[in-house]
Amino acid sequence: MPRQVDHAQRRSEISGAVWQVVRESGLEGLTLRSVAAAGCTTGMVTHYFRDKKALLAHARSVMHRRMADRIDAMPVRHDDPRTHLYAVAEQALPLDEERHLEAVVWSSFLLTTRTDPELLREHSVSHASWVRRLTALVRAALPGEPEPGDLEARVRTLVVCLDGLALNAVTDPDAYPPDLQRRVLERQLDLILEGNRTL
């Protein structure tokens with residue numbers, strides 16, 4: 001009787017190999033062959049993914065889902081929305097080995113979107129989902145109801161802060177250690193949530 005193949009597990013294994021290659025060799029080292037050498041057979045890789053772009057897109061989607069799962073598993077602090085906002089925002093920063101690897105994959109993927117409309121569309125969907133999540137959390141943490149344009153400016157300020165911190169921390173980790181990242185995020189939240197004063 002033929003053995004049942006767990007396709008989701010196979011894709012997850014390949015994604016893990018993709019992350020390993022990107023971490024060790026960067027985006028330029030990502031090929032079907034290098035992923036196969038990292039723990040999968042070439043046939044297995046080519047069966048599920050047609051090229052390097054498909055590999056990276058899948059790894060990015062898995063990364064997004066893992067981050068979302070961590071956030072969804074957090075207890076919601078209705079009594080302290082600022083603390084909850086901080087805990088969620090912190091998930092986007094490379095503060096430990098797992099999140100550092102995710103940030104490396106994210107930054108590598110992000111750079112490819114500049115010249116690839118298909119990957120840009122995929123990035124835009126994930127990014128919009130992240131912005132919606134942060135928008136709800138920032139609104140809950142503010143002492144009053146801001147104007148829509150003001151709320152958007154606050155959220156986009158937070159997004160830019162998180163993206164910039166993550167990118168700099170994976171590029172020059174010694175200059176942006178976890179403790180500094182946390183302090184910057186705390187200070188940024190103080191500014192973003194400072195009453196209803198327009199930014």
# chains A, B, ... in the order shown; residues from 1 in each chain; ligands from 1
call {"tool": "residues_around", "arguments": {"residues": "range 121-129 of chain A", "least_positions_apart": "2", "cutoff": "10 Å", "atoms": "only C-alpha atoms", "output": "MDAnalysis selection string"}}
result
chainID A and resid 57 60:61 64:65 68 106 109:110 113 116:119 131:135 159
call {"tool": "write_last_selection", "arguments": {"atoms": "C-alpha atoms", "output": "compact mmCIF listing (two decimals), in the first residue's frame"}}
result
# COMPACT_ATOMS: atom_id res chain seq x y z
CA ALA A 57 7.45 33.44 -1.56
CA ARG A 60 7.75 34.40 3.42
CA SER A 61 4.16 33.18 3.75
CA HIS A 64 3.99 35.57 8.23
CA ARG A 65 1.79 32.72 9.47
CA ALA A 68 0.49 35.63 13.32
CA TRP A 106 11.53 39.13 5.48
CA PHE A 109 11.99 39.00 0.39
CA LEU A 110 11.27 42.72 0.70
CA THR A 113 9.62 43.06 -4.40
CA ASP A 116 8.99 41.82 -9.10
CA PRO A 117 5.30 42.79 -9.35
CA GLU A 118 4.11 39.30 -8.41
CA LEU A 119 6.09 39.24 -5.17
CA VAL A 131 -1.27 47.30 9.33
CA ARG A 132 -4.91 46.40 10.07
CA ARG A 133 -3.87 44.51 13.19
CA LEU A 134 -1.73 47.39 14.44
CA THR A 135 -4.44 49.92 13.63
CA VAL A 159 5.32 50.36 11.09
call {"tool": "residues_around", "arguments": {"residues": "Val155 in chain A", "least_positions_apart": "4", "cutoff": "12 Å", "atoms": "only C-alpha atoms", "output": "ChimeraX atom specification"}}
result
/A:85,89,128,130-139,141-142,146,148-151,159-162,188-189,191-193,199
call {"tool": "write_last_selection", "arguments": {"atoms": "N, CA and C atoms", "output": "PDB file, in the first residue's frame"}}
result
ATOM      1  N   LEU A  85      -0.292  46.126  22.943  1.00  0.00           N
ATOM      2  CA  LEU A  85       0.250  46.668  21.701  1.00  0.00           C
ATOM      3  C   LEU A  85       1.760  46.455  21.650  1.00  0.00           C
ATOM      4  N   ALA A  89       3.737  44.326  18.831  1.00  0.00           N
ATOM      5  CA  ALA A  89       4.735  45.006  17.992  1.00  0.00           C
ATOM      6  C   ALA A  89       6.110  44.363  18.130  1.00  0.00           C
ATOM      7  N   ALA A 128      -0.684  44.627   4.467  1.00  0.00           N
ATOM      8  CA  ALA A 128      -1.978  45.236   4.781  1.00  0.00           C
ATOM      9  C   ALA A 128      -2.620  44.560   5.988  1.00  0.00           C
ATOM     10  N   TRP A 130      -1.010  43.170   8.488  1.00  0.00           N
ATOM     11  CA  TRP A 130      -0.243  43.641   9.635  1.00  0.00           C
ATOM     12  C   TRP A 130      -0.666  45.056  10.034  1.00  0.00           C
ATOM     13  N   VAL A 131      -0.858  45.913   9.052  1.00  0.00           N
ATOM     14  CA  VAL A 131      -1.275  47.296   9.328  1.00  0.00           C
ATOM     15  C   VAL A 131      -2.667  47.312   9.960  1.00  0.00           C
ATOM     16  N   ARG A 132      -3.570  46.468   9.475  1.00  0.00           N
ATOM     17  CA  ARG A 132      -4.914  46.404  10.067  1.00  0.00           C
ATOM     18  C   ARG A 132      -4.848  45.965  11.527  1.00  0.00           C
ATOM     19  N   ARG A 133      -4.009  44.994  11.819  1.00  0.00           N
ATOM     20  CA  ARG A 133      -3.870  44.513  13.192  1.00  0.00           C
ATOM     21  C   ARG A 133      -3.343  45.627  14.102  1.00  0.00           C
ATOM     22  N   LEU A 134      -2.298  46.307  13.644  1.00  0.00           N
ATOM     23  CA  LEU A 134      -1.726  47.389  14.442  1.00  0.00           C
ATOM     24  C   LEU A 134      -2.694  48.548  14.594  1.00  0.00           C
ATOM     25  N   THR A 135      -3.476  48.822  13.556  1.00  0.00           N
ATOM     26  CA  THR A 135      -4.445  49.919  13.629  1.00  0.00           C
ATOM     27  C   THR A 135      -5.454  49.686  14.743  1.00  0.00           C
ATOM     28  N   ALA A 136      -5.970  48.469  14.837  1.00  0.00           N
ATOM     29  CA  ALA A 136      -6.933  48.150  15.895  1.00  0.00           C
ATOM     30  C   ALA A 136      -6.288  48.291  17.270  1.00  0.00           C
ATOM     31  N   LEU A 137      -5.033  47.883  17.396  1.00  0.00           N
ATOM     32  CA  LEU A 137      -4.366  47.931  18.688  1.00  0.00           C
ATOM     33  C   LEU A 137      -3.993  49.361  19.094  1.00  0.00           C
ATOM     34  N   VAL A 138      -3.546  50.156  18.135  1.00  0.00           N
ATOM     35  CA  VAL A 138      -3.229  51.558  18.437  1.00  0.00           C
ATOM     36  C   VAL A 138      -4.496  52.302  18.824  1.00  0.00           C
ATOM     37  N   ARG A 139      -5.581  52.080  18.094  1.00  0.00           N
ATOM     38  CA  ARG A 139      -6.853  52.738  18.423  1.00  0.00           C
ATOM     39  C   ARG A 139      -7.280  52.390  19.844  1.00  0.00           C
ATOM     40  N   ALA A 141      -5.390  51.562  22.324  1.00  0.00           N
ATOM     41  CA  ALA A 141      -4.447  52.076  23.317  1.00  0.00           C
ATOM     42  C   ALA A 141      -4.496  53.587  23.480  1.00  0.00           C
ATOM     43  N   LEU A 142      -5.135  54.284  22.545  1.00  0.00           N
ATOM     44  CA  LEU A 142      -5.235  55.743  22.637  1.00  0.00           C
ATOM     45  C   LEU A 142      -6.312  56.137  23.639  1.00  0.00           C
ATOM     46  N   PRO A 146      -9.120  59.049  17.671  1.00  0.00           N
ATOM     47  CA  PRO A 146      -8.444  59.998  16.779  1.00  0.00           C
ATOM     48  C   PRO A 146      -9.162  60.125  15.449  1.00  0.00           C
ATOM     49  N   PRO A 148      -9.407  59.733  11.492  1.00  0.00           N
ATOM     50  CA  PRO A 148      -8.857  58.635  10.669  1.00  0.00           C
ATOM     51  C   PRO A 148      -7.465  58.920  10.115  1.00  0.00           C
ATOM     52  N   GLY A 149      -7.255  60.132   9.618  1.00  0.00           N
ATOM     53  CA  GLY A 149      -5.946  60.461   9.066  1.00  0.00           C
ATOM     54  C   GLY A 149      -4.863  60.467  10.128  1.00  0.00           C
ATOM     55  N   ASP A 150      -5.204  60.936  11.326  1.00  0.00           N
ATOM     56  CA  ASP A 150      -4.248  60.965  12.423  1.00  0.00           C
ATOM     57  C   ASP A 150      -3.921  59.545  12.882  1.00  0.00           C
ATOM     58  N   LEU A 151      -4.928  58.697  12.969  1.00  0.00           N
ATOM     59  CA  LEU A 151      -4.711  57.301  13.355  1.00  0.00           C
ATOM     60  C   LEU A 151      -3.792  56.611  12.346  1.00  0.00           C
ATOM     61  N   VAL A 159       4.869  51.335  12.092  1.00  0.00           N
ATOM     62  CA  VAL A 159       5.321  50.358  11.090  1.00  0.00           C
ATOM     63  C   VAL A 159       6.727  50.695  10.606  1.00  0.00           C
ATOM     64  N   VAL A 160       6.958  51.969  10.294  1.00  0.00           N
ATOM     65  CA  VAL A 160       8.280  52.398   9.819  1.00  0.00           C
ATOM     66  C   VAL A 160       9.336  52.161  10.896  1.00  0.00           C
ATOM     67  N   CYS A 161       8.991  52.433  12.140  1.00  0.00           N
ATOM     68  CA  CYS A 161       9.915  52.202  13.241  1.00  0.00           C
ATOM     69  C   CYS A 161      10.288  50.716  13.334  1.00  0.00           C
ATOM     70  N   LEU A 162       9.285  49.843  13.299  1.00  0.00           N
ATOM     71  CA  LEU A 162       9.531  48.407  13.406  1.00  0.00           C
ATOM     72  C   LEU A 162      10.346  47.885  12.230  1.00  0.00           C
ATOM     73  N   GLN A 188       9.098  54.977  21.136  1.00  0.00           N
ATOM     74  CA  GLN A 188       8.249  55.272  19.989  1.00  0.00           C
ATOM     75  C   GLN A 188       6.778  55.161  20.358  1.00  0.00           C
ATOM     76  N   LEU A 189       6.441  54.168  21.158  1.00  0.00           N
ATOM     77  CA  LEU A 189       5.048  54.037  21.595  1.00  0.00           C
ATOM     78  C   LEU A 189       4.638  55.213  22.467  1.00  0.00           C
ATOM     79  N   LEU A 191       5.583  58.243  22.122  1.00  0.00           N
ATOM     80  CA  LEU A 191       5.305  59.341  21.191  1.00  0.00           C
ATOM     81  C   LEU A 191       4.001  59.116  20.427  1.00  0.00           C
ATOM     82  N   ILE A 192       3.805  57.891  19.965  1.00  0.00           N
ATOM     83  CA  ILE A 192       2.617  57.587  19.148  1.00  0.00           C
ATOM     84  C   ILE A 192       1.329  57.691  19.966  1.00  0.00           C
ATOM     85  N   LEU A 193       1.420  57.330  21.240  1.00  0.00           N
ATOM     86  CA  LEU A 193       0.203  57.288  22.065  1.00  0.00           C
ATOM     87  C   LEU A 193       0.046  58.528  22.952  1.00  0.00           C
ATOM     88  N   LEU A 199       0.307  64.114  15.207  1.00  0.00           N
ATOM     89  CA  LEU A 199       1.742  63.893  15.007  1.00  0.00           C
ATOM     90  C   LEU A 199       2.294  64.884  14.008  1.00  0.00           C
TER      91      LEU A 199
END
call {"tool": "residues_around", "arguments": {"residues": "range 169-179 of chain A", "least_positions_apart": "2", "cutoff": "8 Å", "atoms": "only C-alpha atoms", "output": "JSON, numbers by chain"}}
result
{"A": [94, 95, 96, 100, 103, 104, 165, 166, 167, 181, 182, 183]}
call {"tool": "closest_residue", "arguments": {"among": "A:Pro81, A:Gly26, A:Gly39, A:Pro75", "to": "Ser12 in chain A", "atoms": "only C-alpha atoms"}}
result
A:Gly39
call {"tool": "residues_around", "arguments": {"residues": "Ser25 in chain A", "least_positions_apart": "3", "cutoff": "12 Å", "atoms": "only C-alpha atoms", "output": "list of chain:residue names"}}
result
A:Ala17, A:Val18, A:Trp19, A:Gln20, A:Val21, A:Val22, A:Glu28, A:Gly29, A:Leu30, A:Thr31, A:Ser34, A:Val35, A:Ala38, A:Val104, A:Val105, A:Ser108
call {"tool": "atom_distance", "arguments": {"atom1": "CA of Leu185 in chain A", "atom2": "CA of Glu90 in chain A"}}
result
7.8 Å
call {"tool": "select_by_dssp", "arguments": {"residues": "range 80-199 of chain A", "states": "alpha helix (DSSP H)", "output": "PyMOL selection string"}}
result
chain A and resi 81-90+97-113+117-141+148-171+178-192
call {"tool": "atom_distance", "arguments": {"atom1": "CA of Leu101 in chain A", "atom2": "CA of Val62 in chain A"}}
result
12.3 Å
call {"tool": "atom_distance", "arguments": {"atom1": "CA of Arg50 in chain A", "atom2": "CA of Arg23 in chain A"}}
result
21.4 Å
call {"tool": "closest_residue", "arguments": {"among": "A:Lys53, A:Ala153, A:Leu120, A:Ala140", "to": "Asp79 in chain A", "atoms": "only C-alpha atoms"}}
result
A:Ala140
